[in-house]
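Reading through the structure tokens given below for one structure.
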Amino acid sequence: MSKIYFISGLGADWRMFQFLKLPEYLPQQQINWIEPLSIDESLQSYVHRLIDQITEPEPILVGLSFGGVVAIELSKILKPQATIIISSLSTHYDLPWYYRLLGKTRLQKWLPFGLMKSVHPLAPLFFGAHTKPERKLLKEVILEIDEKFLRWSLSRLLDWKQEQAIPGLIQIHGTSDIVLPCCPRPDMIIIPKGEHLMVMHRADEISAILSKILEQQWTKVNTSPEPQTARK
């Protein structure tokens with residue numbers, strides 16, 4: 001039996017997905033972030049250490065934002081039934097030029113940590129957190145984030161070198177995403193006026209789309225005939 005594994009955004013956890021309403025019969029699990037070995041640990045090394053949490057064959061991976069990048073890297077190792085990314089990147093070319101420019105300054109390594117977290121009052125505007133519960137959650141996530149993980153993950157996002165979208169990638173993206181602007185590509189599921197955290201502020205709509213995809217993928221892998229033993 002397959003299982004759906006969710007990978008949240010940068011430094012966040014299962015709470016980012018709490019507004020989604022998905023079929024209860026679908027087996028689901030959240031992947032927990034682990035501490036990087038160092039700020040310079042490679043993304044490939046890191047995802048190899050995450051694999052211990054994925055125990056079912058032919059998993060379905062769902063990644064949000066930076067979690068989508070991690071899902072893509074995991075898919076290269078696990079060959080999942082499906083890889084679905086939301087508000088994320090399919091290649092490094094999707095990263096805005098101004099982020100790449102900041103990456104060259106290595107700002108994420110030397111900027112004071114307190115200053116990095118002090119942006120939380122403005123975060124709802126950029127991420128698209130509109131209601132009081134959404135704003136409260138976003139503030140909690142920002143204030144709780146670990147310094148080492150934040151500096152490591154920003155570095156890995158900025159130096160990611162994915163040249164082409166992986167085969168079969170399912171990508172859901174909003175046209176009003178300020179954090180990671182939408183770069184349309186064939187077969188992308190585009191959400192008009194969807195913002196970066198549309199899994200929260202457009203939860204019903206994203207739930208309907210995601211449920212349909214997950215049910216199709218889960219049914220496909222779990223109703224496949226068992227391989228027959230060759231007769232002598």
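Chain lettering (A, B, ...) mirrors the order of the structure tokens, residue numbering begins at 1 for each chain separately, and ligand numbering begins at 1 in order of display.
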Pull the closest atom pair for each residue of stretch 1-37 of chain A that gets at most 10 Å from stretch 81-102 of chain A, along with the distance in Å to one decimal, counting only C-alpha atoms, ordering rows by chain and then ascending residue number, as JSON lines.
```
{"residue": "A:Ser2", "atom": "CA", "partner": "A:Gln81", "partner_atom": "CA", "distance": 8.3}
{"residue": "A:Lys3", "atom": "CA", "partner": "A:Gln81", "partner_atom": "CA", "distance": 9.7}
{"residue": "A:Ile4", "atom": "CA", "partner": "A:Ala82", "partner_atom": "CA", "distance": 9.3}
{"residue": "A:Tyr5", "atom": "CA", "partner": "A:Thr83", "partner_atom": "CA", "distance": 9.8}
{"residue": "A:Phe6", "atom": "CA", "partner": "A:Ile84", "partner_atom": "CA", "distance": 9.5}
{"residue": "A:Ile7", "atom": "CA", "partner": "A:Ile85", "partner_atom": "CA", "distance": 9.4}
{"residue": "A:Ser8", "atom": "CA", "partner": "A:Ile86", "partner_atom": "CA", "distance": 9.8}
{"residue": "A:Gly9", "atom": "CA", "partner": "A:Ser88", "partner_atom": "CA", "distance": 9.1}
```
Take the selection from the previous step and output its residues with C-alpha atoms, as a PDB file, in the first residue's frame.
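The resulting again-v9.pdb:
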```pdb
ATOM      1  CA  SER A   2       1.270   3.459  -0.893  1.00  0.00           C
ATOM      2  CA  LYS A   3       1.249   6.455   1.438  1.00  0.00           C
ATOM      3  CA  ILE A   4       1.153  10.213   0.896  1.00  0.00           C
ATOM      4  CA  TYR A   5       4.069  12.061   2.460  1.00  0.00           C
ATOM      5  CA  PHE A   6       3.798  15.817   3.049  1.00  0.00           C
ATOM      6  CA  ILE A   7       6.869  18.055   3.239  1.00  0.00           C
ATOM      7  CA  SER A   8       6.201  21.541   4.560  1.00  0.00           C
ATOM      8  CA  GLY A   9       7.832  24.835   3.722  1.00  0.00           C
TER       9      GLY A   9
END
```
| message | Please list as a ChimeraX atom specification every residue within 12 Å of stretch 26-32 of chain A, counting only C-alpha atoms and excluding residues in the same chain fewer than 6 positions away. | response | /A:1-18,47,49-56,59-64,67,70-71,74,210-219,222
| request: List every residue of stretch 46-197 of chain A that DSSP, applied to the backbone of this structure, places in strand (DSSP E), and write the result as a VMD selection string. | output: chain A and resid 60 to 64 82 to 86 170 to 174 189 to 191
I need the residues from that last selection saved to file as an mmCIF file, in the first residue's frame (with C-alpha atoms), if you can.
```cif
data_model
loop_
_atom_site.group_PDB
_atom_site.id
_atom_site.type_symbol
_atom_site.label_atom_id
_atom_site.label_comp_id
_atom_site.auth_asym_id
_atom_site.auth_seq_id
_atom_site.Cartn_x
_atom_site.Cartn_y
_atom_site.Cartn_z
ATOM 1 C CA ILE A 60 3.326 9.974 -3.207
ATOM 2 C CA LEU A 61 5.305 13.100 -2.294
ATOM 3 C CA VAL A 62 3.660 16.483 -1.715
ATOM 4 C CA GLY A 63 6.018 19.411 -1.107
ATOM 5 C CA LEU A 64 5.165 23.006 -0.216
ATOM 6 C CA ALA A 82 3.921 10.895 -7.998
ATOM 7 C CA THR A 83 5.640 14.116 -6.976
ATOM 8 C CA ILE A 84 3.390 17.113 -6.351
ATOM 9 C CA ILE A 85 4.732 20.563 -5.539
ATOM 10 C CA ILE A 86 2.736 23.577 -4.361
ATOM 11 C CA ILE A 170 2.636 17.869 -10.879
ATOM 12 C CA GLN A 171 2.916 21.549 -10.051
ATOM 13 C CA ILE A 172 0.277 23.805 -8.482
ATOM 14 C CA HIS A 173 1.059 27.509 -8.370
ATOM 15 C CA GLY A 174 -0.762 30.800 -7.807
ATOM 16 C CA ILE A 189 -2.145 23.817 -12.507
ATOM 17 C CA ILE A 190 -2.484 27.583 -12.207
ATOM 18 C CA ILE A 191 -4.567 29.151 -9.446
#
```
| request: Enter the distance from atom CA of A:Lys193 to atom CA of A:Glu205, in Å, rounded to one decimal. | output: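 Rounded to one decimal, the two atoms are 12.1 Å apart.
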| request: Could you find all residues in stretch 4-230 of chain A that DSSP calls alpha helix (DSSP H) from the backbone, and write them as a PyMOL selection string? | output: chain A and resi 43-50+66-78+97-105+107-110+113-117+123-127+132-144+147-158+198-201+203-222
| task | Quote the spacing between atom CA of A:Ile142 and atom CA of A:Asp40 in Å to one decimal place. | result |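 Interatomic distance, atom CA of A:Ile142 to atom CA of A:Asp40: 21.7 Å.
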| d(atom CA of A:Thr105, atom CA of A:Asp159) in Å | 12.1 Å
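For the choices A:Leu150, A:Ser176, A:Arg185, A:His196, the atom-to-atom distance to A:Ile39 is smallest for A:Leu150 when using only C-alpha atoms.
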| Excluding same-chain residues fewer than 5 positions from A:Lys132, what lies within 12 Å of it counting only C-alpha atoms, as a list in words? |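 Residues meeting the cut-off are Pro124, Leu137, Leu138, Lys139, Met200 and His201 of chain A.
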